[in-house]
Amino acid sequence: MAESEHRVIVEEGRITTPRVVLRRWTPDDAEAALEIYGSDEVARWLAPAMERVPDVTAMRDVIGGWIASSSHLEPPQGRWAIERRDTGELIGGVALLTLPPVHVDLEIGWQLARGAWGQGLAAESGHAVAHYAFESGASELFAVVRPRNERGASTARRVGMEWVGETEKYYGLRLQVYRLRRGELDLPRPPS
């Protein structure tokens, strides 16, 4: 990640980086969000935590659930819509939530619209949420990735996370686990 991408500003429910703004979800996001969460290419990696959303009405209901549950989340947990800073276009979502079944380990998860892939925007968003989490007192963060999800694994590494093994502890699936500790954020990584 380029040095300029390390600038993270947190204020009033918004997290801003050079290229993205992470903000609270609104019901008006449903149509654009359906382009992400209604896509088979995205949804295939989310199940069983989340199934593909079939239509705008269902997407509006999902977002409504996210908004309602946000008031019950302990900081730094949350869900944010990802907007391009230059255009305001909604291109994805990022979440920082506890992992089931114990709900102690904090997971960063990200989803982007197909047109935003390959530009480093997921890594920039994940990195921004990691900054926010560590500034809020978290000591470590995790990402769990299905073994064939090479794009997800690559994003976790670009956020600065290290592969620590595989587990069946979360979601009843065999998953690769990536971890980032507070003192490791923004450390230079050797080339892989």
# chains A, B, ... in the order shown; residues from 1 in each chain; ligands from 1
$ residues_around --residues "stretch 85-98 of chain A" --least-positions-apart "2" --cutoff "9 Å" --atoms "only C-alpha atoms" --output "PyMOL selection string"
chain A and resi 16-22+25+29+32-33+35-37+73+76-83+100-116+122+125-126+129-130+133+141
$ write_last_selection --atoms "C-alpha atoms" --output "compact mmCIF listing (two decimals), in the first residue's frame"
# COMPACT_ATOMS: atom_id res chain seq x y z
CA THR A 16 -11.96 8.78 5.05
CA THR A 17 -8.86 7.80 3.09
CA PRO A 18 -7.35 9.35 -0.04
CA ARG A 19 -9.68 7.36 -2.34
CA VAL A 20 -12.68 6.15 -0.30
CA VAL A 21 -15.20 7.29 2.27
CA LEU A 22 -16.63 4.69 4.63
CA TRP A 25 -25.55 2.54 5.35
CA ASP A 29 -28.27 2.51 -0.82
CA ALA A 32 -26.46 0.21 -5.65
CA ALA A 33 -25.85 -2.37 -2.90
CA GLU A 35 -25.09 -4.70 -7.59
CA ILE A 36 -22.69 -6.03 -4.96
CA TYR A 37 -24.68 -8.38 -2.72
CA LEU A 73 -22.76 -3.16 18.46
CA PRO A 76 -15.24 -0.53 17.25
CA GLN A 77 -17.67 -2.94 15.57
CA GLY A 78 -19.69 -1.65 12.66
CA ARG A 79 -20.73 -1.84 9.03
CA TRP A 80 -19.86 0.82 6.49
CA ALA A 81 -20.80 1.52 2.90
CA ILE A 82 -17.75 2.20 0.73
CA GLU A 83 -17.98 5.20 -1.60
CA PRO A 100 -19.22 -16.77 15.58
CA PRO A 101 -19.60 -18.96 17.52
CA VAL A 102 -17.85 -17.33 20.52
CA HIS A 103 -18.08 -13.69 19.32
CA VAL A 104 -14.73 -12.59 20.72
CA ASP A 105 -12.43 -12.43 17.68
CA LEU A 106 -12.95 -9.32 15.52
CA GLU A 107 -13.21 -9.97 11.78
CA ILE A 108 -12.72 -7.48 8.97
CA GLY A 109 -14.79 -8.40 5.92
CA TRP A 110 -15.08 -6.52 2.63
CA GLN A 111 -17.15 -6.82 -0.51
CA LEU A 112 -16.77 -4.74 -3.66
CA ALA A 113 -18.73 -4.38 -6.87
CA ARG A 114 -17.09 -6.18 -9.80
CA GLY A 115 -16.22 -2.87 -11.50
CA ALA A 116 -14.13 -1.81 -8.49
CA ALA A 122 -10.86 -3.23 -0.74
CA SER A 125 -10.97 0.16 3.07
CA GLY A 126 -9.83 -2.77 5.22
CA VAL A 129 -11.08 0.01 9.39
CA ALA A 130 -7.99 -1.58 10.98
CA ALA A 133 -10.23 -0.54 15.34
CA LEU A 141 -8.07 -8.40 13.94
$ closest_residue --among "A:Arg146, A:Arg179, A:His131, A:Arg52" --to "A:Trp163" --atoms "only C-alpha atoms"
A:Arg179
$ select_by_dssp --residues "stretch 23-115 of chain A" --states "helix (DSSP H, G or I)" --output "PyMOL selection string"
chain A and resi 27-37+40-43+56-70+114-115
$ closest_residue --among "A:His72, A:Val144, A:Ala30, A:Gly137" --to "A:Thr57" --atoms "only C-alpha atoms"
A:Ala30
$ residues_around --residues "A:Gly160" --least-positions-apart "3" --cutoff "8 Å" --atoms "only C-alpha atoms" --output "list of chain:residue names"
A:His127, A:Ala156, A:Arg157, A:Leu180, A:Glu184, A:Leu185, A:Asp186, A:Leu187, A:Arg189
$ select_by_dssp --residues "stretch 30-95 of chain A" --states "strand (DSSP E or B)" --output "NGL selection string"
:A and (78-84 or 90-95)
$ write_last_selection --atoms "N, CA and C atoms" --output "tab-separated table (two decimals), in the first residue's frame"
chain	number	residue	atom	x	y	z
A	78	GLY	N	-18.81	-2.42	13.51
A	78	GLY	CA	-19.69	-1.65	12.66
A	78	GLY	C	-19.72	-2.18	11.24
A	79	ARG	N	-20.60	-1.57	10.47
A	79	ARG	CA	-20.73	-1.84	9.03
A	79	ARG	C	-20.73	-0.50	8.32
A	80	TRP	N	-19.97	-0.42	7.24
A	80	TRP	CA	-19.86	0.82	6.49
A	80	TRP	C	-20.07	0.57	5.01
A	81	ALA	N	-20.73	1.50	4.36
A	81	ALA	CA	-20.80	1.52	2.90
A	81	ALA	C	-19.50	2.14	2.42
A	82	ILE	N	-18.97	1.65	1.32
A	82	ILE	CA	-17.75	2.20	0.73
A	82	ILE	C	-18.13	3.03	-0.49
A	83	GLU	N	-17.76	4.30	-0.47
A	83	GLU	CA	-17.98	5.20	-1.60
A	83	GLU	C	-16.64	5.64	-2.17
A	84	ARG	N	-16.60	5.79	-3.49
A	84	ARG	CA	-15.43	6.44	-4.09
A	84	ARG	C	-15.45	7.89	-3.66
A	90	LEU	N	-21.31	4.40	-4.69
A	90	LEU	CA	-21.25	3.29	-3.74
A	90	LEU	C	-20.66	2.09	-4.46
A	91	ILE	N	-19.54	1.58	-3.94
A	91	ILE	CA	-18.85	0.48	-4.62
A	91	ILE	C	-18.70	-0.76	-3.76
A	92	GLY	N	-19.12	-0.70	-2.48
A	92	GLY	CA	-18.96	-1.88	-1.65
A	92	GLY	C	-19.34	-1.66	-0.22
A	93	GLY	N	-18.96	-2.65	0.58
A	93	GLY	CA	-19.21	-2.58	2.00
A	93	GLY	C	-18.05	-3.20	2.75
A	94	VAL	N	-17.83	-2.73	3.96
A	94	VAL	CA	-16.81	-3.29	4.83
A	94	VAL	C	-17.42	-3.41	6.22
A	95	ALA	N	-17.08	-4.48	6.91
A	95	ALA	CA	-17.64	-4.72	8.23
A	95	ALA	C	-16.53	-5.11	9.19
$ atom_distance --atom1 "atom CA of A:Ala153" --atom2 "atom CA of A:Gly120"
13.0 Å
$ atom_distance --atom1 "atom CA of A:Tyr171" --atom2 "atom CA of A:Leu121"
26.1 Å
$ residues_around --residues "A:Thr155" --least-positions-apart "4" --cutoff "7 Å" --atoms "only C-alpha atoms" --output "list in words"
Ala122, Ala123, Arg151 and Val159 of chain A
$ write_last_selection --atoms "N, CA, C and O atoms" --output "tab-separated table (two decimals), in the first residue's frame"
chain	number	residue	atom	x	y	z
A	122	ALA	N	-10.49	-2.36	-1.87
A	122	ALA	CA	-10.86	-3.23	-0.74
A	122	ALA	C	-9.76	-3.18	0.32
A	122	ALA	O	-10.04	-3.06	1.52
A	123	ALA	N	-8.50	-3.26	-0.11
A	123	ALA	CA	-7.39	-3.21	0.85
A	123	ALA	C	-7.34	-1.84	1.54
A	123	ALA	O	-7.11	-1.76	2.74
A	151	ARG	N	-8.61	-13.84	-4.34
A	151	ARG	CA	-8.76	-12.38	-4.28
A	151	ARG	C	-8.89	-11.93	-2.83
A	151	ARG	O	-8.29	-10.95	-2.41
A	159	VAL	N	-3.76	-5.64	3.21
A	159	VAL	CA	-4.14	-4.88	4.41
A	159	VAL	C	-2.99	-4.93	5.42
A	159	VAL	O	-2.84	-4.03	6.24
$ residues_around --residues "A:Glu166" --least-positions-apart "4" --cutoff "12 Å" --atoms "only C-alpha atoms" --output "ChimeraX atom specification"
/A:143-147,170,173-179
$ atom_distance --atom1 "atom CA of A:Asp61" --atom2 "atom CA of A:Leu99"
22.3 Å
